[in-house]
Structures are given as C-alpha cells and as structure tokens.
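The structure under discussion appears below in the form of structure tokens.
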Amino acid sequence: MTSFGDLLGPQPVLLPENSEAEDALLDNADPVQVAAAHPAASIAWAHLAEAALERGGAATADEVVNHDIVAAYAFARTGYHRGLDLLRRNGWKGFGPVPWSHEPNRGFLRSVGALARAAKAIGETEEYARCLDLLEDCDPRAAAELGLD
C-alpha cells in the first residue's frame with residue numbers, strides 16, 4: 001500500500017525557541033544589542049521594526065515618509081528573511097500553517113506584520129497585500145493579533 005501522507009495539508013511548523021534572544025528581550029535588553037548578538041532571531045528584528053514604526057508615526061501616502069519608517073521596513077524585511085530561513089530549515093515548503101499560538105513563531109509573524117505596516121506607509125501596496133496574504137496563509141488569526149486589517 002502506498003502512503004500519501006496527510007491529504008488535508010502540511011503539518012504546522014513549530015519553530016524552535018531562541019531562549020537567549022527571547023530572554024534578553026523579556027529582560028528589557030536593547031533590541032539593537034540583541035539583534036547584533038543573535039542576527040538570526042526574527043523576534044529582535046520585529047522589536048526594532050515595531051519601535052521604528054512607532055517613532056515614525058502613522059505615515060500615510062499623503063505624508064512625507066521619514067527615516068524611521070524606512071528603517072522599520074529594513075528591520076522588518078530582515079526579520080522576515082531570517083524567519084523564512086528558519087522556517088525552511090524546519091520543514092516549511094513555502095506554504096502551510098505557522099501558528100500564532102506557538103510563541104517562537106511570533107518573531108517571524110511579527111516581522112511580517114511590521115513589514116506590512118511599513119510597506120503600506122511607503123505606498124508599496126502590492127507588498128502590503130502580499131504580507132497580509134502570507135499572514136492569512138500562516139494563521140488566519142495572525143493579522144488580527146497584530147492589529148492589521
């Protein structure tokens with residue numbers, strides 16, 4: 001008999017913990033230092049992106065984009081790419097569940113959310129839509145958890 005595996009789709013990807021980076025951030029360490037010490041930790045890049053977005057304000061297409069919004073975009077993109085690397089090393093094939101409920105997945109998901117907000121702020125609507133689609137594919141609850149439309 002031939003096995004076809006799970007016909008309902010791939011199993012959820014549960015990323016391993018990055019305890020050193022996560023603990024440092026929980027202890028209010030400077031996210032810049034955490035990102036430098038743990039550059040593969042998406043959670044550090046997500047912290048940097050979210051802080052830059054907050055500093056940059058809610059830029060819209062009518063406003064002048066500032067340094068912080070562009071920095072947020074770069075930080076978020078770094079967290080996104082480092083997260084993709086880790087997801088692939090853990091069996092993700094570019095689709096399938098990446099549950100918000102699993103805390104170590106949140107660095108990647110928060111980076112995608114920050115990238116969506118930064119993309120929207122600089123008027124990159126296609127990237128914004130792609131990020132929302134990715135969040136929906138990963139976990140339909142993620143966008144709401146991140147305060148996105």
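FYI, nothing fancy with the structure tokens labels: chains A, B, ... in order, residues from 1 per chain, ligands from 1 as they appear.
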
Show me, as an MDAnalysis selection string, the residues that have an atom within 6 Å of stretch 128-133 of chain A when counting only C-alpha atoms, minus same-chain residues fewer than 5 positions from it.
chainID A and resid 116 119:120

Could those residues be written to a file, using C-alpha atoms, as a short mmCIF file (atom, residue, chain, number, x, y, z; two decimals), in the first residue's frame?
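For reference, out_18.cif as written:
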```cif
data_model
loop_
_atom_site.label_atom_id
_atom_site.label_comp_id
_atom_site.auth_asym_id
_atom_site.auth_seq_id
_atom_site.Cartn_x
_atom_site.Cartn_y
_atom_site.Cartn_z
CA ALA A 116 3.07 45.09 6.01
CA ALA A 119 5.11 48.82 3.14
CA LYS A 120 1.72 50.50 3.45
#
```

Give me the residues of stretch 88-111 of chain A that have any atom at most 9 Å from an atom of stretch 13-31 of chain A; for each, the nearest atom pair and the distance in Å, rounded to one decimal. Use only C-alpha atoms, sort by chain and number, and format it as CSV.
```
residue,atom,partner,partner_atom,distance
A:Asn90,CA,A:Leu15,CA,6.9
A:Gly91,CA,A:Val13,CA,7.1
A:Trp92,CA,A:Val13,CA,6.4
A:Gly96,CA,A:Val13,CA,7.8
A:Pro97,CA,A:Val13,CA,6.3
A:Val98,CA,A:Val13,CA,5.2
A:Pro99,CA,A:Val13,CA,7.4
A:His102,CA,A:Leu14,CA,6.5
A:Glu103,CA,A:Glu17,CA,8.1
A:Pro104,CA,A:Glu17,CA,5.3
A:Asn105,CA,A:Leu15,CA,5.7
```

With N, CA, C and O atoms retained, export the selected residues as a short mmCIF file (atom, residue, chain, number, x, y, z; two decimals), in the first residue's frame.
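What ended up in part_5.cif:
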```cif
data_model
loop_
_atom_site.label_atom_id
_atom_site.label_comp_id
_atom_site.auth_asym_id
_atom_site.auth_seq_id
_atom_site.Cartn_x
_atom_site.Cartn_y
_atom_site.Cartn_z
N ASN A 90 13.19 24.10 9.07
CA ASN A 90 12.32 23.30 9.92
C ASN A 90 11.17 22.66 9.14
O ASN A 90 10.14 22.31 9.72
N GLY A 91 11.34 22.53 7.83
CA GLY A 91 10.42 21.75 7.02
C GLY A 91 9.35 22.51 6.27
O GLY A 91 8.57 21.90 5.53
N TRP A 92 9.28 23.82 6.41
CA TRP A 92 8.26 24.60 5.70
C TRP A 92 8.62 24.66 4.23
O TRP A 92 9.76 24.91 3.86
N GLY A 96 1.60 26.59 4.17
CA GLY A 96 1.18 25.78 5.30
C GLY A 96 1.19 26.57 6.60
O GLY A 96 1.71 27.69 6.67
N PRO A 97 0.60 25.97 7.63
CA PRO A 97 0.40 26.68 8.89
C PRO A 97 1.69 27.00 9.64
O PRO A 97 2.59 26.17 9.76
N VAL A 98 1.73 28.23 10.15
CA VAL A 98 2.77 28.70 11.06
C VAL A 98 1.97 29.36 12.20
O VAL A 98 1.71 30.56 12.16
N PRO A 99 1.54 28.57 13.18
CA PRO A 99 0.57 29.07 14.17
C PRO A 99 1.08 30.20 15.06
O PRO A 99 2.18 30.13 15.61
N HIS A 102 2.00 29.38 18.82
CA HIS A 102 3.32 28.88 19.19
C HIS A 102 4.26 30.07 19.31
O HIS A 102 4.65 30.68 18.31
N GLU A 103 4.62 30.43 20.52
CA GLU A 103 5.39 31.65 20.81
C GLU A 103 6.63 31.83 19.93
O GLU A 103 6.86 32.93 19.43
N PRO A 104 7.46 30.81 19.70
CA PRO A 104 8.65 31.02 18.85
C PRO A 104 8.33 31.40 17.41
O PRO A 104 9.19 31.94 16.71
N ASN A 105 7.11 31.16 16.93
CA ASN A 105 6.71 31.58 15.58
C ASN A 105 6.44 33.08 15.51
O ASN A 105 6.42 33.66 14.42
#
```

Which residue gives the smallest distance to A:Ala41 among A:Leu134, A:Leu84, A:Ala121, A:Ala143, with only C-alpha atoms counted?
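Of the candidates, the smallest distance to A:Ala41 is held by A:Leu84.
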
Between A:Leu8, A:Ala37, A:Leu148, A:Leu48, which is the closest to A:Gly113 once you count only C-alpha atoms?
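Once distances to A:Gly113 are computed over only C-alpha atoms, the minimum belongs to A:Leu148.
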
Stretch 22-61 of chain A: which residues are alpha helix (DSSP H) by DSSP, as JSON, numbers by chain?
{"A": [22, 23, 24, 25, 26, 31, 32, 33, 34, 35, 36, 37, 42, 43, 44, 45, 46, 47, 48, 49, 50, 51, 52, 53, 54, 55, 56]}

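Across the model, the gap from atom CA of A:Pro140 to atom CA of A:Thr78 is 22.9 Å.
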
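If you look at atom CA of A:Glu50 and atom CA of A:Gln33, they are 15.7 Å away from each other.
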
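In this structure, atom CA of A:Ala51 sits 21.6 Å away from atom CA of A:Thr125.
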
Which residue, A:Leu146, A:Ile69, A:Phe75, A:Cys138, has the smallest gap to A:Arg110 when you use only C-alpha atoms?
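Smallest distance to A:Arg110 is found for A:Leu146.
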
Just the residues within 10 Å of A:His67, please, counting only C-alpha atoms, with nothing from its chain fewer than 5 positions along; format it as a ChimeraX atom specification.
/A:52-53,55-56,72-73

Excluding A:Val112 and its own-chain neighbours fewer than 5 positions away, which residues fall within 9 Å of it when counting only C-alpha atoms? Please give them as a PDB file with N, CA, C and O atoms, in the first residue's frame.
```
ATOM      1  N   ALA A  46      11.882  42.136  14.753  1.00  0.00           N
ATOM      2  CA  ALA A  46      10.494  42.589  14.906  1.00  0.00           C
ATOM      3  C   ALA A  46      10.413  43.714  15.938  1.00  0.00           C
ATOM      4  O   ALA A  46       9.723  44.717  15.713  1.00  0.00           O
ATOM      5  N   ALA A  76      12.125  45.076   9.431  1.00  0.00           N
ATOM      6  CA  ALA A  76      11.082  44.060   9.235  1.00  0.00           C
ATOM      7  C   ALA A  76      11.457  43.084   8.121  1.00  0.00           C
ATOM      8  O   ALA A  76      11.252  41.878   8.247  1.00  0.00           O
ATOM      9  N   ARG A  77      12.023  43.602   7.041  1.00  0.00           N
ATOM     10  CA  ARG A  77      12.431  42.722   5.940  1.00  0.00           C
ATOM     11  C   ARG A  77      13.524  41.770   6.403  1.00  0.00           C
ATOM     12  O   ARG A  77      13.534  40.597   6.033  1.00  0.00           O
ATOM     13  N   GLY A  79      13.962  40.636   9.521  1.00  0.00           N
ATOM     14  CA  GLY A  79      13.297  39.635  10.358  1.00  0.00           C
ATOM     15  C   GLY A  79      12.499  38.639   9.548  1.00  0.00           C
ATOM     16  O   GLY A  79      12.479  37.439   9.844  1.00  0.00           O
ATOM     17  N   TYR A  80      11.855  39.125   8.507  1.00  0.00           N
ATOM     18  CA  TYR A  80      11.095  38.272   7.597  1.00  0.00           C
ATOM     19  C   TYR A  80      12.020  37.251   6.917  1.00  0.00           C
ATOM     20  O   TYR A  80      11.754  36.046   6.926  1.00  0.00           O
ATOM     21  N   GLY A 107       8.086  35.799  16.286  1.00  0.00           N
ATOM     22  CA  GLY A 107       9.097  36.708  15.755  1.00  0.00           C
ATOM     23  C   GLY A 107       8.940  36.867  14.255  1.00  0.00           C
ATOM     24  O   GLY A 107       8.953  37.982  13.722  1.00  0.00           O
ATOM     25  N   ARG A 117       2.932  46.918   7.614  1.00  0.00           N
ATOM     26  CA  ARG A 117       2.664  48.305   8.011  1.00  0.00           C
ATOM     27  C   ARG A 117       3.654  49.280   7.369  1.00  0.00           C
ATOM     28  O   ARG A 117       3.269  50.354   6.912  1.00  0.00           O
ATOM     29  N   CYS A 131       1.974  40.601   2.177  1.00  0.00           N
ATOM     30  CA  CYS A 131       2.194  40.321   3.603  1.00  0.00           C
ATOM     31  C   CYS A 131       0.899  39.870   4.280  1.00  0.00           C
ATOM     32  O   CYS A 131       0.909  38.923   5.071  1.00  0.00           O
ATOM     33  N   LEU A 132      -0.203  40.555   3.971  1.00  0.00           N
ATOM     34  CA  LEU A 132      -1.486  40.135   4.543  1.00  0.00           C
ATOM     35  C   LEU A 132      -1.862  38.732   4.080  1.00  0.00           C
ATOM     36  O   LEU A 132      -2.362  37.918   4.874  1.00  0.00           O
ATOM     37  N   LEU A 134       0.253  36.357   3.228  1.00  0.00           N
ATOM     38  CA  LEU A 134       1.144  35.433   3.913  1.00  0.00           C
ATOM     39  C   LEU A 134       0.675  35.197   5.345  1.00  0.00           C
ATOM     40  O   LEU A 134       0.643  34.052   5.811  1.00  0.00           O
ATOM     41  N   LEU A 135       0.301  36.253   6.035  1.00  0.00           N
ATOM     42  CA  LEU A 135      -0.204  36.086   7.397  1.00  0.00           C
ATOM     43  C   LEU A 135      -1.454  35.216   7.411  1.00  0.00           C
ATOM     44  O   LEU A 135      -1.601  34.341   8.270  1.00  0.00           O
TER      45      LEU A 135
END
```

Looking at A:Gly94, A:Gly83, A:Gly57, A:Gly147, which one is nearest to A:Ala118, with distances taken over only C-alpha atoms?
A:Gly57

Min atom-atom distance to A:Ile43 from the set A:Ala74, A:Val65, A:Leu86, A:Leu109, counting only C-alpha atoms, belongs to A:Leu109

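Remark: for A:Ser101, the closest of the candidate residues A:Ala114, A:Ala142, A:Ile122, A:Val70 is A:Ala142 (distances computed over only C-alpha atoms).
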